[in-house]
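Printed here is data_23.tsv (TSV, C-alpha atoms):
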chain	number	residue	atom	x	y	z
F	1	MET	CA	117.81	216.90	100.67
F	2	LYS	CA	115.84	214.31	102.67
F	3	ASN	CA	113.50	217.03	104.05
F	4	LYS	CA	112.76	218.35	100.55
F	5	ILE	CA	111.78	214.86	99.35
F	6	LEU	CA	109.45	214.39	102.34
F	7	VAL	CA	107.73	217.74	101.68
F	8	LEU	CA	107.15	216.89	98.00
F	9	LEU	CA	105.69	213.50	98.92
F	10	LEU	CA	103.36	215.11	101.47
F	11	ILE	CA	102.08	217.67	98.92
F	12	SER	CA	101.47	214.86	96.42
F	13	VAL	CA	99.49	212.81	98.91
F	14	LEU	CA	97.40	215.78	100.03
F	15	SER	CA	96.58	216.78	96.47
F	16	THR	CA	95.35	213.32	95.50
F	17	ASN	CA	93.44	212.58	98.70
F	18	CYS	CA	92.04	215.98	99.66
F	19	LYS	CA	88.46	214.77	99.25
F	20	LYS	CA	88.95	211.55	101.14
F	21	GLU	CA	88.74	211.09	104.87
F	22	LYS	CA	92.03	211.01	106.56
F	23	GLU	CA	92.90	207.54	107.81
F	24	LEU	CA	95.21	206.77	110.66
F	25	ILE	CA	97.13	203.55	110.22
F	26	GLU	CA	98.69	202.04	113.34
F	27	VAL	CA	101.99	200.39	112.65
F	28	THR	CA	103.52	198.07	115.22
F	29	ILE	CA	107.30	198.18	115.25
F	30	PRO	CA	108.72	194.86	116.45
F	31	GLU	CA	110.90	194.97	119.52
F	32	PRO	CA	114.54	193.99	119.13
F	33	GLU	CA	115.11	190.30	119.67
F	34	LYS	CA	116.12	189.50	123.20
F	35	VAL	CA	119.46	187.75	123.46
F	36	GLU	CA	119.46	185.17	126.19
F	37	LYS	CA	122.61	185.17	128.23
F	38	THR	CA	124.03	181.81	129.17
F	39	THR	CA	124.72	181.52	132.86
F	40	LEU	CA	127.99	179.74	133.41
F	41	GLY	CA	128.22	177.22	136.17
F	42	ASN	CA	131.05	176.68	138.60
F	43	PRO	CA	133.43	173.76	137.89
F	44	SER	CA	133.64	173.02	141.62
F	45	ASP	CA	129.91	172.25	141.65
F	46	VAL	CA	130.35	169.32	139.25
F	47	GLN	CA	130.48	166.14	141.30
F	48	ALA	CA	130.53	162.44	140.48
F	49	GLU	CA	127.15	160.74	140.66
F	50	ASP	CA	128.38	158.00	143.00
F	51	GLU	CA	129.77	159.68	146.10
F	52	GLU	CA	131.35	156.38	147.11
F	53	GLY	CA	132.85	155.78	143.67
F	54	ALA	CA	136.57	155.18	143.25
F	55	PHE	CA	137.11	158.26	141.10
F	56	LYS	CA	136.08	161.88	141.59
F	57	MET	CA	135.87	165.01	139.51
F	58	ASN	CA	139.16	166.83	139.98
F	59	GLY	CA	137.83	170.33	139.39
F	60	LEU	CA	139.51	172.97	137.24
F	61	PRO	CA	142.22	175.43	138.34
F	62	TYR	CA	140.36	178.20	136.46
F	63	SER	CA	136.82	179.25	135.57
F	64	TYR	CA	135.10	178.22	132.34
F	65	ASN	CA	135.69	181.58	130.68
F	66	SER	CA	139.29	182.06	131.83
F	67	LEU	CA	140.88	180.66	128.66
F	68	GLU	CA	139.08	182.98	126.25
F	69	PRO	CA	139.51	183.96	123.49
F	70	PHE	CA	141.53	180.83	122.75
F	71	ILE	CA	139.09	178.31	124.23
F	72	ASP	CA	135.57	179.62	124.75
F	73	ALA	CA	133.53	179.29	127.93
F	74	ALA	CA	130.71	177.32	126.32
F	75	THR	CA	133.14	174.67	125.11
F	76	MET	CA	134.90	174.43	128.47
F	77	GLU	CA	131.65	174.03	130.38
F	78	LEU	CA	130.33	171.39	127.99
F	79	HIS	CA	133.67	169.60	127.95
F	80	TYR	CA	134.04	169.41	131.72
F	81	SER	CA	130.51	169.30	133.13
F	82	LYS	CA	129.09	166.93	130.50
F	83	HIS	CA	131.77	164.90	128.72
F	84	GLN	CA	134.26	164.49	131.56
F	85	LEU	CA	131.52	163.92	134.10
F	86	ALA	CA	130.11	161.15	131.91
F	87	TYR	CA	133.50	159.42	131.73
F	88	CYS	CA	133.89	159.62	135.49
F	89	ASN	CA	130.41	158.25	136.21
F	90	LYS	CA	130.65	155.43	133.67
F	91	LEU	CA	134.13	154.44	134.87
F	92	ASN	CA	132.92	154.19	138.45
F	93	ALA	CA	129.98	152.06	137.34
F	94	ALA	CA	132.20	149.78	135.23
F	95	ILE	CA	134.68	148.99	138.02
F	96	LYS	CA	132.30	148.98	140.98
F	97	GLU	CA	132.79	145.96	143.24
F	98	THR	CA	135.79	144.74	141.22
F	99	ASP	CA	139.46	144.66	142.17
F	100	LEU	CA	140.03	147.64	139.86
F	101	ALA	CA	138.18	149.90	142.29
F	102	SER	CA	141.21	149.90	144.58
F	103	LYS	CA	143.74	150.73	141.86
F	104	SER	CA	144.93	154.09	140.55
F	105	ILE	CA	143.87	155.20	137.10
F	106	GLU	CA	147.44	154.67	135.84
F	107	GLU	CA	147.48	151.10	137.18
F	108	ILE	CA	144.17	150.38	135.47
F	109	LEU	CA	145.40	151.71	132.13
F	110	LYS	CA	148.78	149.95	132.15
F	111	LYS	CA	147.24	146.52	132.83
F	112	LEU	CA	144.12	147.15	130.78
F	113	ASP	CA	142.23	144.35	129.08
F	114	THR	CA	141.53	146.24	125.86
F	115	SER	CA	138.68	143.88	124.95
F	116	LYS	CA	136.62	145.44	127.76
F	117	SER	CA	135.47	148.52	125.87
F	118	ASP	CA	133.50	150.07	128.75
F	119	ILE	CA	136.61	150.26	130.94
F	120	ARG	CA	138.94	151.08	128.04
F	121	ASN	CA	136.86	154.02	126.78
F	122	ASN	CA	135.91	155.50	130.13
F	123	ALA	CA	139.20	154.98	131.95
F	124	GLY	CA	140.96	156.47	128.94
F	125	GLY	CA	138.54	159.37	128.72
F	126	TYR	CA	138.84	160.09	132.43
F	127	TYR	CA	142.66	160.05	132.45
F	128	ASN	CA	143.08	161.89	129.15
F	129	HIS	CA	140.79	164.77	130.05
F	130	ASN	CA	142.25	165.18	133.53
F	131	LEU	CA	145.69	165.65	131.99
F	132	PHE	CA	144.40	167.97	129.28
F	133	PHE	CA	142.58	170.25	131.72
F	134	GLU	CA	145.53	170.24	134.11
F	135	ILE	CA	148.08	171.47	131.56
F	136	LEU	CA	145.99	174.45	130.47
F	137	SER	CA	146.67	177.87	131.97
F	138	VAL	CA	145.21	181.36	132.11
F	139	ASN	CA	148.53	183.20	132.08
F	140	ASN	CA	150.79	180.84	130.25
F	141	GLY	CA	154.47	181.40	129.75
F	142	ASP	CA	157.05	179.91	127.42
F	143	ALA	CA	158.55	176.49	127.89
F	144	THR	CA	161.52	176.74	130.24
F	145	ASP	CA	163.84	174.72	132.45
F	146	GLU	CA	164.27	170.96	132.10
F	147	VAL	CA	161.43	170.34	129.67
F	148	LEU	CA	162.68	173.02	127.25
F	149	GLU	CA	166.19	171.59	127.44
F	150	ALA	CA	164.80	168.14	126.62
F	151	ILE	CA	162.66	169.50	123.76
F	152	ASN	CA	165.66	171.25	122.23
F	153	LYS	CA	167.71	168.08	122.58
F	154	ASP	CA	165.15	165.66	121.13
F	155	PHE	CA	163.56	167.88	118.44
F	156	GLY	CA	166.37	170.29	117.60
F	157	SER	CA	164.45	173.39	118.70
F	158	PHE	CA	161.15	174.41	120.25
F	159	ASP	CA	159.88	175.59	116.85
F	160	SER	CA	160.62	172.17	115.35
F	161	PHE	CA	158.71	170.51	118.18
F	162	LYS	CA	155.77	172.90	117.77
F	163	ASN	CA	155.60	172.31	114.02
F	164	GLU	CA	155.70	168.53	114.39
F	165	PHE	CA	153.12	168.52	117.18
F	166	SER	CA	150.79	170.85	115.26
F	167	GLU	CA	151.11	168.83	112.07
F	168	SER	CA	150.29	165.62	113.94
F	169	ALA	CA	147.22	167.24	115.49
F	170	THR	CA	146.00	168.72	112.22
F	171	LYS	CA	146.44	165.53	110.19
F	172	LEU	CA	145.07	163.04	112.72
F	173	PHE	CA	142.05	161.46	111.06
F	174	GLY	CA	138.85	161.34	113.05
F	175	SER	CA	138.70	161.70	116.83
F	176	GLY	CA	141.65	161.22	119.12
F	177	TRP	CA	144.59	162.74	120.96
F	178	VAL	CA	148.07	164.09	120.35
F	179	TRP	CA	150.69	163.48	123.03
F	180	LEU	CA	154.12	164.55	124.12
F	181	ILE	CA	155.48	161.61	126.10
F	182	LYS	CA	158.67	160.52	127.77
F	183	ASP	CA	159.31	157.05	126.36
F	184	ASN	CA	161.02	154.12	128.03
F	185	SER	CA	164.47	155.44	127.15
F	186	GLY	CA	163.72	158.87	128.60
F	187	LYS	CA	163.40	160.55	125.21
F	188	LEU	CA	160.58	162.96	124.39
F	189	VAL	CA	158.37	161.66	121.60
F	190	ILE	CA	155.22	162.91	119.85
F	191	THR	CA	152.54	160.32	119.24
F	192	THR	CA	148.82	160.08	118.53
F	193	THR	CA	146.03	157.77	119.63
F	194	ALA	CA	142.50	157.19	118.40
F	195	ASN	CA	139.34	157.71	120.41
F	196	GLN	CA	140.17	157.65	124.15
F	197	ASP	CA	143.25	155.46	123.96
F	198	ASN	CA	146.54	156.75	125.37
F	199	PRO	CA	150.26	155.86	125.55
F	200	LEU	CA	149.89	154.09	128.91
F	201	MET	CA	147.76	151.31	127.40
F	202	PRO	CA	149.28	147.96	126.37
F	203	ASN	CA	148.07	148.41	122.78
F	204	ALA	CA	149.74	151.82	122.30
F	205	GLU	CA	151.95	152.10	119.22
F	206	LYS	CA	154.38	154.24	121.22
F	207	LYS	CA	154.36	153.72	124.97
F	208	GLY	CA	155.47	156.26	127.53
F	209	THR	CA	154.46	158.68	130.24
F	210	PRO	CA	152.31	161.56	128.92
F	211	ILE	CA	153.37	165.07	129.94
F	212	LEU	CA	151.31	167.06	127.42
F	213	ALA	CA	148.02	166.22	125.70
F	214	LEU	CA	145.77	167.84	123.12
F	215	ASP	CA	142.19	166.70	122.64
F	216	VAL	CA	141.22	166.79	118.96
F	217	TRP	CA	137.73	165.37	119.31
F	218	GLU	CA	135.27	167.80	117.73
F	219	HIS	CA	133.58	168.46	121.08
F	220	ALA	CA	136.82	170.14	122.19
F	221	TYR	CA	136.65	172.90	119.58
F	222	TYR	CA	133.63	172.80	117.26
F	223	ILE	CA	131.50	175.48	118.97
F	224	LYS	CA	134.15	178.12	118.35
F	225	TYR	CA	136.24	176.81	115.47
F	226	GLN	CA	133.76	174.59	113.55
F	227	ASN	CA	135.83	172.59	111.05
F	228	LYS	CA	138.95	174.75	111.43
F	229	ARG	CA	140.96	172.35	113.55
F	230	LYS	CA	144.22	174.03	112.57
F	231	ASP	CA	143.08	177.30	114.17
F	232	TYR	CA	142.22	175.42	117.36
F	233	VAL	CA	145.63	173.75	117.40
F	234	ASN	CA	147.35	177.10	116.97
F	235	ALA	CA	145.25	178.59	119.78
F	236	PHE	CA	146.22	175.71	122.09
F	237	PHE	CA	149.81	176.95	122.26
F	238	ASN	CA	148.55	180.17	123.86
F	239	VAL	CA	147.13	178.35	126.90
F	240	ILE	CA	149.69	175.65	127.72
F	241	ASN	CA	150.81	175.67	131.33
F	242	TRP	CA	154.48	174.96	130.71
F	243	LYS	CA	155.26	175.12	134.41
F	244	LYS	CA	152.90	172.18	134.97
F	245	VAL	CA	154.30	170.34	131.94
F	246	ASN	CA	157.79	170.78	133.35
F	247	GLU	CA	156.64	169.35	136.69
F	248	LYS	CA	155.21	166.32	134.90
F	249	PHE	CA	158.41	165.90	132.93
F	250	LYS	CA	160.50	165.80	136.12
F	251	GLU	CA	158.05	163.48	137.87
F	252	SER	CA	157.63	161.08	134.95
F	253	THR	CA	159.17	157.65	135.08
F	254	ASN	CA	161.19	156.05	132.30
F	255	THR	CA	158.97	153.03	132.05
F	256	THR	CA	155.30	152.12	131.66
F	257	GLU	CA	155.74	148.70	133.21
Let me see the structure of the file written as structure tokens.
Amino acid sequence: MKNKILVLLLISVLSTNCKKEKELIEVTIPEPEKVEKTTLGNPSDVQAEDEEGAFKMNGLPYSYNSLEPFIDAATMELHYSKHQLAYCNKLNAAIKETDLASKSIEEILKKLDTSKSDIRNNAGGYYNHNLFFEILSVNNGDATDEVLEAINKDFGSFDSFKNEFSESATKLFGSGWVWLIKDNSGKLVITTTANQDNPLMPNAEKKGTPILALDVWEHAYYIKYQNKRKDYVNAFFNVINWKKVNEKFKESTNTTE
């Protein structure tokens, strides 16, 4: 059918232009747009600005693209090589030549003067992100062993825990964190904090030792999920390193003092 239409059109054109000179019109067909490929860096290449600083970049136990499709490579690279690096560098600068430079990050947070926003924000950001990156995994498994036993005891079931944790993450207003902590009595508790605060700080509403953390700042998910935080929260449960969480549960103390 297409060939018949083309023939009829050609006859029509020839019949109306037989006395005119034939004209050749050169048409330039645009080339397909070139898609630039983003070259991913290596997490091990990201180093603190001050080589003599108290705190270092801990690296990642996986590559930037290892957690896909749940957490995309672009987000992981931005999160680690830009945001976390900034917290590390600013923390080192804030505590340089002070007595805090000889203390662990946990010691700094537990005795924190919350009026000093530069230390509060950057020490919190440094600790929070280190924990978050550490409890993510490429080949995650289900919660098992001691931590699962404790979850079942304190929440009734793993599904109840997951629902409560997810609801807390979805409803948290603005930027902040959702935590699973062991409180001073040894009980597992879900809590949230704003900005870069965490349950180790003196001002925490619920104090305890964090064993699981979820970053719900937009920089943690917006590239892939835009405003669909709930989808990001659901995806998070596909990349939790429950073996590492269980280790932290067993190592955690029953006090923040």
Problem - Selected residue, from F:Asn89, F:Ser81, F:Asn42, F:Asn140, that lies nearest to Ala123 of chain F when counting all atoms listed in the file - result: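 Using all atoms listed in the file, the shortest distance to Ala123 of chain F belongs to F:Asn89.
For segment 163-173 of chain F, the non-local neighbours within 8 Å, defined as residues at least 6 positions apart in the same chain or in other chains and counting all atoms listed in the file, are Ile190, Thr191, Thr192, Leu214, Val216, Arg229, Lys230, Val233 and Asn234 of chain F.
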Handout entry: Spatial neighbours of segment 53-58 of chain F, 6 Å, only C-alpha atoms, chain gap at least 5 places, as a list of chain:residue names
Key = F:Gln47, F:Ala48, F:Asn92, F:Ala101
Problem - Interatomic distance (Å, one decimal) between atom CA of Cys88 of chain F and atom CA of Tyr126 of chain F - result: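 Computing the Euclidean distance for atom CA of Cys88 of chain F and atom CA of Tyr126 of chain F yields 5.8 Å.
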Practice task
Identify which of the residues F:Lys96, F:Lys162, F:Lys82, F:His129 lies closest to Pro43 of chain F, counting all atoms listed in the file when measuring atom-to-atom distances.
Solution key: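 Smallest distance to Pro43 of chain F is found for F:Lys82.
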Practice task
For each of F:Ala235, F:Val245, F:Lys116, F:Asn203, take the minimum atom-to-atom distance to Trp179 of chain F, counting all atoms listed in the file, then give the residue where this is smallest.
Solution key: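 Closest residue, counting all atoms listed in the file: F:Val245.
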Counting all atoms listed in the file, what is within 10 Å of Phe133 of chain F, bar same-chain residues fewer than 5 positions away, as a PDB file with C-alpha atoms, in the coordinates of the input?
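Final output, selection.pdb:
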ATOM      1  CA  ASN F  58     139.160 166.830 139.980  1.00  0.00           C
ATOM      2  CA  GLY F  59     137.830 170.330 139.390  1.00  0.00           C
ATOM      3  CA  LEU F  60     139.510 172.970 137.240  1.00  0.00           C
ATOM      4  CA  PRO F  61     142.220 175.430 138.340  1.00  0.00           C
ATOM      5  CA  TYR F  62     140.360 178.200 136.460  1.00  0.00           C
ATOM      6  CA  MET F  76     134.900 174.430 128.470  1.00  0.00           C
ATOM      7  CA  HIS F  79     133.670 169.600 127.950  1.00  0.00           C
ATOM      8  CA  TYR F  80     134.040 169.410 131.720  1.00  0.00           C
ATOM      9  CA  ASN F 128     143.080 161.890 129.150  1.00  0.00           C
ATOM     10  CA  ALA F 213     148.020 166.220 125.700  1.00  0.00           C
ATOM     11  CA  LEU F 214     145.770 167.840 123.120  1.00  0.00           C
ATOM     12  CA  ASP F 215     142.190 166.700 122.640  1.00  0.00           C
ATOM     13  CA  ILE F 240     149.690 175.650 127.720  1.00  0.00           C
ATOM     14  CA  ASN F 241     150.810 175.670 131.330  1.00  0.00           C
TER      15      ASN F 241
END
Problem - Separation of atom CA of Lys110 of chain F from atom CA of Ala86 of chain F, in Å and rounded to one decimal - result: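 Atom CA of Ala86 of chain F lies at a distance of 21.8 Å from atom CA of Lys110 of chain F.
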Exercise for the section: Excluding segment 246-248 of chain F and residues on its chain fewer than 2 positions from it, collect all residues at most 8 Å away from it, counting only C-alpha atoms, and give them as a list in words. Expected result: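 Result of the neighbour search: Ala143, Thr144, Asp145, Glu146, Val147, Ile211, Trp242, Lys243, Lys244, Lys250, Glu251 and Ser252 of chain F.
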Completion exercise
Closest of F:Val138, F:Ala93, F:Thr114, F:His83 to Glu51 of chain F, counting only C-alpha atoms, is F:Ala93
Problem - Residue nearest Gly125 of chain F - candidates F:Asp197, F:Asp231, F:Glu149, F:Asp183, atoms counted: only C-alpha atoms - result: F:Asp197
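Interatomic distance, atom CA of Tyr64 of chain F to atom CA of Leu91 of chain F: 23.9 Å.
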Shell around segment 151-155 of chain F at 7 Å using only C-alpha atoms, local window under 6 positions removed, as an mmCIF file with C-alpha atoms, keeping the file's coordinate frame:
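For reference, part06.cif as written:
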data_model
loop_
_atom_site.group_PDB
_atom_site.id
_atom_site.type_symbol
_atom_site.label_atom_id
_atom_site.label_comp_id
_atom_site.auth_asym_id
_atom_site.auth_seq_id
_atom_site.Cartn_x
_atom_site.Cartn_y
_atom_site.Cartn_z
ATOM 1 C CA PHE F 161 158.710 170.510 118.180
ATOM 2 C CA LYS F 187 163.400 160.550 125.210
ATOM 3 C CA LEU F 188 160.580 162.960 124.390
#
Exercise for the section: Find the residue from F:Leu136, F:Leu131, F:Leu180, F:Ile105 that sits nearest to Glu68 of chain F; use all atoms listed in the file when measuring. Expected result: F:Leu136
Practice task
Please write as a PyMOL selection string the list of polymer residues whose atoms come within 12 Å of (142.1, 147.1, 124.3), counting all atoms listed in the file and keeping to the coordinates of the file.
Solution key: chain F and resi 108-124+194-198+200-204
